[in-house]
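Trainee: Following this line is work-v5.pdb, made up of PDB, C-alpha atoms:
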```
ATOM      1  CA  MET B   1     -16.373   4.094  -5.188
ATOM      2  CA  LEU B   2     -15.230   2.275  -2.062
ATOM      3  CA  SER B   3     -12.498   0.400  -3.909
ATOM      4  CA  THR B   4     -11.119   3.646  -5.365
ATOM      5  CA  ILE B   5     -10.915   5.236  -1.929
ATOM      6  CA  LEU B   6      -9.293   2.090  -0.518
ATOM      7  CA  ILE B   7      -6.693   2.015  -3.294
ATOM      8  CA  VAL B   8      -5.822   5.695  -2.803
ATOM      9  CA  ILE B   9      -5.436   5.185   0.961
ATOM     10  CA  LEU B  10      -3.202   2.150   0.419
ATOM     11  CA  ILE B  11      -1.012   4.061  -2.049
ATOM     12  CA  LEU B  12      -0.583   6.887   0.463
ATOM     13  CA  LEU B  13       0.293   4.388   3.203
ATOM     14  CA  LEU B  14       2.807   2.744   0.875
ATOM     15  CA  LEU B  15       4.490   6.072   0.181
ATOM     16  CA  GLY B  16       4.601   6.825   3.902
ATOM     17  CA  ALA B  17       6.207   3.470   4.698
ATOM     18  CA  LEU B  18       9.105   3.765   2.257
ATOM     19  CA  PRO B  19      12.435   4.159   4.089
ATOM     20  CA  THR B  20      13.362   7.518   2.583
ATOM     21  CA  TRP B  21      12.897   9.734   5.616
ATOM     22  CA  PRO B  22      15.397   9.767   8.507
ATOM     23  CA  TYR B  23      12.997   8.408  11.113
ATOM     24  CA  SER B  24      12.258   5.290   9.042
ATOM     25  CA  ALA B  25      15.739   4.589   7.692
ATOM     26  CA  ASN B  26      16.299   1.577   9.962
ATOM     27  CA  TRP B  27      12.917  -0.034   9.227
ATOM     28  CA  GLY B  28      14.145  -1.656   6.029
ATOM     29  CA  TYR B  29      11.715  -2.588   3.266
ATOM     30  CA  GLY B  30       9.358  -4.596   5.493
ATOM     31  CA  PRO B  31       6.519  -2.075   5.894
ATOM     32  CA  GLY B  32       6.658  -1.018   2.254
ATOM     33  CA  GLY B  33       6.727  -4.613   1.074
ATOM     34  CA  ILE B  34       3.760  -5.612   3.197
ATOM     35  CA  LEU B  35       1.710  -2.597   2.102
ATOM     36  CA  GLY B  36       2.727  -3.218  -1.504
ATOM     37  CA  LEU B  37       1.456  -6.786  -1.265
ATOM     38  CA  VAL B  38      -1.829  -5.590   0.253
ATOM     39  CA  LEU B  39      -2.131  -3.018  -2.538
ATOM     40  CA  VAL B  40      -1.635  -5.679  -5.218
ATOM     41  CA  VAL B  41      -4.262  -7.922  -3.617
ATOM     42  CA  VAL B  42      -6.770  -5.056  -3.370
ATOM     43  CA  LEU B  43      -6.100  -4.072  -6.995
ATOM     44  CA  LEU B  44      -6.689  -7.642  -8.138
ATOM     45  CA  LEU B  45      -9.900  -7.886  -6.150
ATOM     46  CA  ALA B  46     -11.073  -4.542  -7.552
ATOM     47  CA  LEU B  47     -10.325  -5.630 -11.113
ATOM     48  CA  LEU B  48     -12.157  -8.911 -10.593
ATOM     49  CA  GLY B  49     -15.139  -7.053  -9.147
ATOM     50  CA  ARG B  50     -14.981  -8.678  -5.710
ATOM     51  CA  ILE B  51     -14.939  -5.389  -3.770
TER      52      ILE B  51
END
```
Can you present the structure in this file as C-alpha cells?
Mentor:
Amino acid sequence: MLSTILIVILILLLLGALPTWPYSANWGYGPGGILGLVLVVVLLLALLGRI
C-alpha cells in the first residue's frame, strides 16, 4: 500500500517537473531526470519487495 502511494506521488512530481509550462522552461531536464531516476529506483525496490 505504501509503495503504491509513493509511486503515484513520484509520478505526479515527475509530471510537474517536466519543462512544458512557461515558468519551468529554463529549468532544462534536470528536475525531471532526477525525479525519473528516483522513480526507477523506487519501482525496482517495490518489485523486489524491499519497500
Trainee: Go ahead and compute the interatomic distance for atom CA of B:Gly16 and atom CA of B:Arg50, in Å to one decimal.
Mentor: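 Computed distance, atom CA of B:Gly16 to atom CA of B:Arg50, equals 26.8 Å.
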Trainee: Nearest residue to B:Ile34 out of B:Leu2, B:Leu14, B:Leu48, B:Val8, using only C-alpha atoms?
Mentor: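 Of B:Leu2, B:Leu14, B:Leu48, B:Val8, the one nearest B:Ile34, counting only C-alpha atoms, is B:Leu14.
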Trainee: Selected by the PyMOL selection byres ((chain B and resi 51) around 10) in the shown coordinates: which residues, as JSON, numbers by chain?
Mentor: {"B": [1, 2, 3, 4, 6, 42, 43, 44, 45, 46, 47, 48, 49, 50]}
Trainee: Using all atoms listed in the file, collect all residues at a distance of at most 7 Å from (-0.5, -1.5, -3.5) as written in the file, then present them as a list of chain:residue names.
Mentor: B:Leu10, B:Ile11, B:Leu14, B:Leu35, B:Gly36, B:Leu37, B:Val38, B:Leu39, B:Val40
